[in-house]
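Worksheet: one structure, shown below.
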Amino acid sequence: MRLFPKGLLLISVLFLLSILAVFKKRTTSNSKVVTKAQSPDALQSEGTESFEIQIRCKVHRVGCLLPIDGFSLLNDQSKEPFTGVPDCIHHCSKNNFTYAATNEDKECLCGTSVSYKYIENDGNLLSASASKCKELKGAYVNRIVKKCNTEKLSSILEQHDMVGCFPTPSTWGDDSLTLGEDLSLPKCLLTCESNSFAYAILVGMKSCVCWNPVLRLHNFGFPHQTSDLLPCHKTSNNFSALFRTYVQNVNCKSKRFLPTNFTPRVALLSFPGSGNTWLRHLLEMASGFYTGSIYQDEALYGEGYLGEYLPWDSGRTIAIKTHKPEYSNDRPFDKIIFLIRNPFDAIVAEFNRLHGGHTGLADQKDFEGKEWEKFVPYKVEKWSRTIYSYLNAPLPVYVVYYEDLLVDPIKQVKSMIKFIAIGITDFNQRLLCTEENLNGNWQRRPKDSVKNYYLPWMVELMNKYIRNARNLLKLKHFKDLPKYER
């Protein structure tokens, strides 16, 4: 057991600005400035009001980048004197920047995205440690995933991320911190965040443990996760309730780029609206390598898909996004991962993207006009044409259904990594990191069922195309298409 993490690169930064100053700052030789909790005894004696107002931020580490003469590290860059990593991130967030970096000149750098010149030249240094980065005189970059907000105790209770209720293991391992009895969930959660732990655990809903696992949960004797909280609420130490903090597990290393001219070059193909960006996130998390694209989407690049601007054939990304409906030799890929989604859902998702961006939604009235009536037959024909074209391509094709990805993303991603045929030395740890961050930042908020969007003639037309696609998949000996017809 250890008291605090050593050599820690904060992936998520927690600012605890308490009226009664429950927390105080500390600095370690190899880590960023973090906040330190009082002793468990002191915490237990503190009243809930001490936690009433907190400033919390969530950031993910991008990594180390070396300076390039004549080029700014960040786009739209601003500079401030360095007063500590948490203060730098807070300052950048307050001024609506997405990236925060600190360098050897003791500067706090804020910007909207990483300058492409740095990705082009120094991408392979991204995984360097903070101490190594300092030795190389580089800048350490973080991306602000969730803006720093003042949160009340009640909102923390509403927003906590519960993983589930598990049987309590015999030991939590070395990378843990036991805080004692009778800590409330908010106190437990905030204390674990302040000490840079990825999980806060209530054993029997009363004893608080902070934890950074090094393997996936099932390796710690948690094969039977349950959403039923009753066992945990019985105050029996036989069950533990696990909660995710804002901190990314210290064992999750930064993503990086492949060496130049890596092969095979794998197309990540889908009809628009099928979850391509989400699958890119999963592949990046599981492999530790960035994906690329033929589109150079500025918004995706700004949100951390740093392979977006690289040439599609650079050979430095593990897979390349494409929505091209017809196979051709103008981009000579070696393999194809083909993501297929129910066209009833995919077409609505694409319509939402056109009207509301990557994560927005179209208004109900948009589905009631002539545009929608023209959109459906055009798009379903394109969905069908994409399937016919690529299933007949003279390349190895791996078909994955979006619906299967939803049910078991880890299983599907493992199969795709095997298909790509790339060796990953820390694959089990990468799967842990994937499991801890399945959603990414590019999923639309839920919306009511799409059934009412389709008129009877649209349903009939789409069912016809679905049946044709099903027959082709069977003919080519792929797994049968899920039940898409209505």
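How things are named: the first chain in the structure tokens is A, the next is B, and so on; residues count from 1 in each chain; ligands count from 1 in the order shown.
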Applying 6 Å and only C-alpha atoms, which residues near Asn352 in chain A remain after dropping the ones on its own chain fewer than 3 positions away? List them as a list in words.
Ala349, His355, Gly356, Leu361 and Ala362 of chain A
Mind writing the picked residues with C-alpha atoms as a short mmCIF file (atom, residue, chain, number, x, y, z; two decimals), in the first residue's frame?
```
data_model
loop_
_atom_site.label_atom_id
_atom_site.label_comp_id
_atom_site.auth_asym_id
_atom_site.auth_seq_id
_atom_site.Cartn_x
_atom_site.Cartn_y
_atom_site.Cartn_z
CA ALA A 349 -27.54 10.16 -37.37
CA HIS A 355 -28.02 19.96 -39.10
CA GLY A 356 -26.33 19.85 -35.70
CA LEU A 361 -29.38 17.08 -33.33
CA ALA A 362 -31.73 18.22 -36.07
#
```
Compile the contact shell of Leu481 in chain A as a PyMOL selection string: residues with an atom at most 9 Å away, counting only C-alpha atoms, same-chain residues fewer than 3 positions apart removed.
chain A and resi 340+401+466+469-471+473-474+478+484
Residues of the last selection are to be written out with N, CA and C atoms, as a compact mmCIF listing (two decimals), in the first residue's frame.
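Writing the result to part-v3.txt gives the following:
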```
# COMPACT_ATOMS: atom_id res chain seq x y z
N ILE A 340 -20.78 -1.54 -40.11
CA ILE A 340 -22.13 -1.47 -40.67
C ILE A 340 -23.12 -1.22 -39.52
N TYR A 401 -20.51 -5.12 -36.88
CA TYR A 401 -21.81 -4.45 -36.79
C TYR A 401 -21.82 -3.51 -35.58
N ILE A 466 -32.27 -3.54 -47.24
CA ILE A 466 -31.71 -4.34 -46.15
C ILE A 466 -31.70 -5.82 -46.51
N ALA A 469 -28.92 -6.54 -48.91
CA ALA A 469 -27.62 -6.55 -48.24
C ALA A 469 -27.44 -7.83 -47.43
N ARG A 470 -28.50 -8.28 -46.78
CA ARG A 470 -28.42 -9.51 -46.00
C ARG A 470 -28.04 -10.71 -46.89
N ASN A 471 -28.66 -10.76 -48.07
CA ASN A 471 -28.39 -11.87 -48.98
C ASN A 471 -26.93 -11.86 -49.44
N LEU A 473 -24.30 -10.56 -47.81
CA LEU A 473 -23.44 -10.93 -46.70
C LEU A 473 -23.42 -12.44 -46.49
N LYS A 474 -24.57 -13.08 -46.64
CA LYS A 474 -24.64 -14.53 -46.54
C LYS A 474 -23.85 -15.19 -47.67
N PHE A 478 -20.17 -13.89 -44.52
CA PHE A 478 -20.00 -13.04 -43.35
C PHE A 478 -21.10 -13.34 -42.34
N TYR A 484 -32.58 -5.72 -38.97
CA TYR A 484 -32.73 -4.29 -39.22
C TYR A 484 -34.12 -3.93 -39.76
```
Thr171 in chain A: which residues within 12 Å, counting only C-alpha atoms, same-chain residues fewer than 2 positions away excluded, as a PyMOL selection string?
chain A and resi 1+167-169+173-178+203+209+211+213+220-221
Run DSSP on the backbone and give me the residues of range 211-303 of chain A it puts in strand (DSSP E or B), as a VMD selection string.
chain A and resid 211 226 239 to 244 256 266 to 270 289 292 to 293
Grab the residues selected above and save them as an mmCIF file, in the first residue's frame with C-alpha atoms.
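See again-v2.cif below for the written result:
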```
data_model
loop_
_atom_site.group_PDB
_atom_site.id
_atom_site.type_symbol
_atom_site.label_atom_id
_atom_site.label_comp_id
_atom_site.auth_asym_id
_atom_site.auth_seq_id
_atom_site.Cartn_x
_atom_site.Cartn_y
_atom_site.Cartn_z
ATOM 1 C CA TRP A 211 -7.574 2.680 -6.367
ATOM 2 C CA THR A 226 -24.111 -5.985 -11.388
ATOM 3 C CA PHE A 239 -19.634 -6.027 -1.762
ATOM 4 C CA SER A 240 -18.036 -2.822 -2.994
ATOM 5 C CA ALA A 241 -19.489 0.024 -5.043
ATOM 6 C CA LEU A 242 -16.990 1.343 -7.623
ATOM 7 C CA PHE A 243 -17.111 4.934 -8.900
ATOM 8 C CA ARG A 244 -14.995 6.608 -11.599
ATOM 9 C CA ARG A 256 1.474 7.985 -30.109
ATOM 10 C CA VAL A 266 -6.126 -0.323 -43.028
ATOM 11 C CA ALA A 267 -9.236 1.498 -44.194
ATOM 12 C CA LEU A 268 -11.790 2.191 -41.456
ATOM 13 C CA LEU A 269 -14.850 2.242 -43.677
ATOM 14 C CA SER A 270 -18.451 3.056 -42.893
ATOM 15 C CA PHE A 289 -1.753 4.534 -31.699
ATOM 16 C CA GLY A 292 -6.005 8.858 -39.522
ATOM 17 C CA SER A 293 -8.532 10.100 -42.052
#
```
Name the residues of range 250-362 of chain A that fall into alpha helix (DSSP H) according to DSSP on the backbone, using the chain letters and numbers of this document, as a PyMOL selection string.
chain A and resi 276-287+298-302+343-356
I'd like the neighbourhood of Ile68 in chain A as a ChimeraX atom specification, where a residue qualifies if any of its atoms comes within 8 Å (using only C-alpha atoms), though same-chain residues fewer than 4 positions away should be ignored.
/A:72-73,118
If you count only C-alpha atoms, which residues fall within 10 Å of Leu339 in chain A, apart from same-chain ones fewer than 3 positions away, as a PDB file with C-alpha atoms, in the first residue's frame?
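Written out: result-v1.pdb:
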```
ATOM      1  CA  LEU A 268     -11.790   2.191 -41.456  1.00  0.00           C
ATOM      2  CA  LEU A 269     -14.850   2.242 -43.677  1.00  0.00           C
ATOM      3  CA  SER A 270     -18.451   3.056 -42.893  1.00  0.00           C
ATOM      4  CA  PHE A 271     -21.525   4.760 -44.226  1.00  0.00           C
ATOM      5  CA  SER A 274     -22.497   4.581 -38.392  1.00  0.00           C
ATOM      6  CA  GLY A 275     -20.187   5.375 -35.459  1.00  0.00           C
ATOM      7  CA  ASN A 276     -16.852   5.678 -37.282  1.00  0.00           C
ATOM      8  CA  LEU A 279     -14.726   3.259 -33.345  1.00  0.00           C
ATOM      9  CA  ILE A 336     -10.639  -2.962 -44.736  1.00  0.00           C
ATOM     10  CA  ILE A 387     -21.898  -2.677 -48.943  1.00  0.00           C
ATOM     11  CA  TYR A 398     -13.461  -7.517 -41.575  1.00  0.00           C
ATOM     12  CA  VAL A 399     -17.152  -6.712 -41.000  1.00  0.00           C
ATOM     13  CA  VAL A 400     -18.237  -5.402 -37.608  1.00  0.00           C
ATOM     14  CA  TYR A 401     -21.810  -4.452 -36.788  1.00  0.00           C
ATOM     15  CA  TYR A 402     -22.374  -1.317 -34.758  1.00  0.00           C
ATOM     16  CA  GLU A 403     -24.953  -3.162 -32.679  1.00  0.00           C
ATOM     17  CA  LEU A 405     -19.936  -3.015 -30.822  1.00  0.00           C
TER      18      LEU A 405
END
```
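Across the structure, CA of Asn392 in chain A and CA of Ser328 in chain A are spaced 11.2 Å apart.
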